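Note: the block below is structure-v7.cif and it holds mmCIF, C-alpha atoms.
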data_start
#
loop_
_atom_site.group_PDB
_atom_site.id
_atom_site.type_symbol
_atom_site.label_atom_id
_atom_site.label_comp_id
_atom_site.auth_asym_id
_atom_site.auth_seq_id
_atom_site.Cartn_x
_atom_site.Cartn_y
_atom_site.Cartn_z
ATOM 1 C CA MET A 1 -10.315 27.035 34.067
ATOM 2 C CA ASP A 2 -9.522 26.579 37.728
ATOM 3 C CA GLU A 3 -6.045 26.308 39.226
ATOM 4 C CA ARG A 4 -6.352 22.591 40.011
ATOM 5 C CA TYR A 5 -7.290 21.780 36.425
ATOM 6 C CA GLU A 6 -4.498 23.962 35.031
ATOM 7 C CA ARG A 7 -1.982 22.309 37.371
ATOM 8 C CA GLY A 8 -3.275 18.891 36.280
ATOM 9 C CA ARG A 9 -3.152 19.799 32.613
ATOM 10 C CA ALA A 10 0.470 20.961 32.893
ATOM 11 C CA ARG A 11 1.396 17.844 34.856
ATOM 12 C CA PHE A 12 -0.399 15.588 32.349
ATOM 13 C CA LEU A 13 1.723 17.037 29.552
ATOM 14 C CA GLU A 14 4.896 16.323 31.538
ATOM 15 C CA VAL A 15 3.907 12.649 31.710
ATOM 16 C CA HIS A 16 2.004 12.092 28.454
ATOM 17 C CA ASP A 17 1.704 13.819 25.090
ATOM 18 C CA GLU A 18 -0.758 16.229 23.460
ATOM 19 C CA LYS A 19 -2.565 13.385 21.686
ATOM 20 C CA ALA A 20 -3.296 11.675 25.007
ATOM 21 C CA LEU A 21 -4.447 14.961 26.530
ATOM 22 C CA ARG A 22 -6.849 15.545 23.647
ATOM 23 C CA ALA A 23 -8.264 12.048 24.154
ATOM 24 C CA VAL A 24 -8.836 12.626 27.858
ATOM 25 C CA GLU A 25 -10.223 16.125 27.379
ATOM 26 C CA GLY A 26 -12.528 14.671 24.726
ATOM 27 C CA LEU A 27 -14.284 12.801 27.523
ATOM 28 C CA GLY A 28 -15.918 16.047 28.620
ATOM 29 C CA GLU A 29 -16.697 16.320 32.319
ATOM 30 C CA LEU A 30 -15.149 12.914 33.053
ATOM 31 C CA GLY A 31 -11.904 14.028 31.407
ATOM 32 C CA ARG A 32 -11.957 17.242 33.412
ATOM 33 C CA HIS A 33 -12.197 15.215 36.634
ATOM 34 C CA ILE A 34 -9.378 12.902 35.522
ATOM 35 C CA VAL A 35 -7.074 15.826 34.743
ATOM 36 C CA SER A 36 -7.965 17.695 37.943
ATOM 37 C CA PHE A 37 -7.855 14.803 40.394
ATOM 38 C CA VAL A 38 -5.349 12.338 38.975
ATOM 39 C CA TYR A 39 -2.862 14.808 37.526
ATOM 40 C CA GLY A 40 -3.684 17.974 39.488
ATOM 41 C CA ASP A 41 -3.755 16.233 42.877
ATOM 42 C CA LEU A 42 -2.205 12.758 42.807
ATOM 43 C CA TYR A 43 0.570 13.244 40.249
ATOM 44 C CA THR A 44 1.772 16.364 42.077
ATOM 45 C CA GLN A 45 2.320 14.616 45.417
ATOM 46 C CA PRO A 46 5.992 14.442 46.421
ATOM 47 C CA ALA A 47 6.324 10.902 47.824
ATOM 48 C CA LEU A 48 6.505 9.009 44.515
ATOM 49 C CA SER A 49 8.541 9.693 41.417
ATOM 50 C CA ASP A 50 7.011 9.515 37.954
ATOM 51 C CA ARG A 51 8.916 6.259 37.525
ATOM 52 C CA ASP A 52 7.237 4.803 40.623
ATOM 53 C CA ARG A 53 3.806 6.062 39.602
ATOM 54 C CA GLU A 54 4.071 4.620 36.116
ATOM 55 C CA LEU A 55 5.325 1.274 37.400
ATOM 56 C CA GLY A 56 2.281 1.146 39.667
ATOM 57 C CA ALA A 57 -0.003 2.137 36.802
ATOM 58 C CA VAL A 58 1.421 -0.555 34.499
ATOM 59 C CA VAL A 59 1.065 -3.250 37.158
ATOM 60 C CA ALA A 60 -2.487 -2.198 38.062
ATOM 61 C CA LEU A 61 -3.618 -1.884 34.447
ATOM 62 C CA THR A 62 -2.087 -5.273 33.656
ATOM 63 C CA ALA A 63 -3.771 -6.941 36.631
ATOM 64 C CA LEU A 64 -7.130 -5.401 35.758
ATOM 65 C CA GLY A 65 -6.806 -6.162 32.052
ATOM 66 C CA ARG A 66 -7.269 -2.510 31.087
ATOM 67 C CA SER A 67 -5.670 -2.818 27.680
ATOM 68 C CA SER A 68 -6.964 0.472 26.281
ATOM 69 C CA GLN A 69 -5.074 2.577 28.859
ATOM 70 C CA LEU A 70 -1.986 0.364 29.054
ATOM 71 C CA PRO A 71 -0.131 1.594 25.933
ATOM 72 C CA GLN A 72 -0.126 5.215 27.120
ATOM 73 C CA HIS A 73 1.194 4.230 30.536
ATOM 74 C CA LEU A 74 3.838 1.954 29.028
ATOM 75 C CA ARG A 75 5.026 4.915 26.938
ATOM 76 C CA ALA A 76 5.043 7.122 30.035
ATOM 77 C CA ALA A 77 6.904 4.427 32.013
ATOM 78 C CA LEU A 78 9.633 4.254 29.370
ATOM 79 C CA GLN A 79 9.826 8.053 29.291
ATOM 80 C CA ALA A 80 10.091 8.076 33.102
ATOM 81 C CA GLY A 81 13.157 5.810 32.932
ATOM 82 C CA LEU A 82 11.838 2.281 33.291
ATOM 83 C CA THR A 83 13.612 -0.164 31.021
ATOM 84 C CA GLU A 84 12.133 -2.807 28.782
ATOM 85 C CA ALA A 85 13.546 -5.481 31.108
ATOM 86 C CA GLU A 86 11.986 -3.855 34.177
ATOM 87 C CA LEU A 87 8.590 -3.625 32.492
ATOM 88 C CA ARG A 88 8.767 -7.251 31.338
ATOM 89 C CA GLU A 89 9.656 -8.363 34.863
ATOM 90 C CA ALA A 90 6.841 -6.302 36.390
ATOM 91 C CA ILE A 91 4.374 -7.865 33.956
ATOM 92 C CA MET A 92 5.673 -11.364 34.768
ATOM 93 C CA LEU A 93 5.345 -10.688 38.497
ATOM 94 C CA THR A 94 1.786 -9.500 37.901
ATOM 95 C CA ALA A 95 1.059 -12.827 36.189
ATOM 96 C CA SER A 96 1.874 -14.645 39.420
ATOM 97 C CA ILE A 97 -0.896 -12.725 41.171
ATOM 98 C CA ALA A 98 -3.433 -11.744 38.504
ATOM 99 C CA GLY A 99 -3.022 -14.666 36.095
ATOM 100 C CA PHE A 100 -1.384 -15.365 32.790
ATOM 101 C CA PRO A 101 -4.032 -14.050 30.358
ATOM 102 C CA PRO A 102 -3.735 -10.383 31.429
ATOM 103 C CA ALA A 103 0.060 -10.694 31.488
ATOM 104 C CA MET A 104 0.024 -12.178 27.997
ATOM 105 C CA ASN A 105 -2.031 -9.216 26.775
ATOM 106 C CA ALA A 106 0.281 -6.746 28.528
ATOM 107 C CA THR A 107 3.355 -8.430 27.037
ATOM 108 C CA ALA A 108 1.872 -8.137 23.558
ATOM 109 C CA THR A 109 1.051 -4.482 24.228
ATOM 110 C CA LEU A 110 4.593 -3.804 25.451
ATOM 111 C CA LYS A 111 5.974 -5.475 22.319
ATOM 112 C CA SER A 112 3.779 -3.212 20.187
ATOM 113 C CA VAL A 113 4.806 -0.053 22.086
ATOM 114 C CA LEU A 114 8.486 -0.958 21.753
ATOM 115 C CA ALA A 115 8.089 -1.609 18.011
ATOM 116 C CA GLU A 116 6.325 1.736 17.635
ATOM 117 C CA ARG A 117 9.208 3.467 19.438
ATOM 118 C CA ARG A 118 11.757 1.758 17.183
ATOM 119 C CA ASP A 119 9.818 2.790 14.082
ATOM 120 C CA VAL A 120 9.672 6.417 15.248
ATOM 121 C CA GLY A 121 13.384 6.324 16.087
ATOM 122 C CA ASP A 122 14.324 5.119 12.582
#
Would you mind writing the file's structure down as structure tokens?
Amino acid sequence: MDERYERGRARFLEVHDEKALRAVEGLGELGRHIVSFVYGDLYTQPALSDRDRELGAVVALTALGRSSQLPQHLRAALQAGLTEAELREAIMLTASIAGFPPAMNATATLKSVLAERRDVGD
């Protein structure tokens, strides 16, 4: 494996978990490009914190209605220090630009992620 991929893989595991990495790596060549470019290049840039990156990811995924990737980024956002209230507000703000249906879906997804976290914490 090349250095960029290894750097991306290590960075991915700082942000997400092994299960998510397996899912991305299971995409074959596409997954390799995601790990190398997104996590090896973009997620190693110094200007944004993980908190900032995950807030941006949640807002973008909400606006685009990308519900399959949203749970993982909501988990990462919470791990990076965003609060439930901050995520709810970001989703509501996104509704004012992208519409209510994607925000409704994102709110339901956030509710599910929070319930999952409570169940694991019990």
Edge lengths and centre in Å, axis-aligned, range 26-39 of chain A plus 3 Å each side, as AutoDock Vina command-line options:
--center_x -9.8 --center_y 15.0 --center_z 32.6 --size_x 19.8 --size_y 11.4 --size_z 21.7
For Phe100 in chain A, work out the shell of residues within 12 Å, counting all atoms listed in the file and skipping chain neighbours fewer than 5 positions away, then give it as a ChimeraX atom specification. /A:62-65,91-95,105-107
Chain and number of each residue from the PyMOL selection byres ((chain A and resi 53) around 12), as a ChimeraX atom specification: /A:15,38-39,42-52,54-60,73-74,76-78,80-82
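Take CA of Glu89 in chain A and CA of His16 in chain A: the distance between them is 22.8 Å.
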Neighbour list for range 110-116 of chain A as a PyMOL selection string, cut-off 9 Å, only C-alpha atoms, skip fewer than 4 positions in-chain: chain A and resi 70-72+74-75+84+87-88+105-106+120-121
Tell me which of A:Ile97, A:Ala108, A:Leu61, A:Ala10 sits closest to Gly40 in chain A, counting all atoms listed in the file. A:Ala10
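Of the residues under consideration (A:Ala20, A:Gly31, A:Leu13, A:Gly26), A:Ala20 shows the shortest atom-to-atom contact distance to Gln69 in chain A when counting all atoms listed in the file.
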Counting only C-alpha atoms, the option among A:Pro101, A:Arg66, A:Asp41, A:Glu25 closest to Arg11 in chain A: A:Asp41
Give me, please, the distance in Å between CA of Ser68 in chain A and CA of Glu29 in chain A, quoted to one decimal. 19.6 Å
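Shortest separation to Thr109 in chain A among A:Ala90, A:Gln79, A:Ser67, A:Leu30 occurs at residue A:Ser67, atoms counted being only C-alpha atoms.
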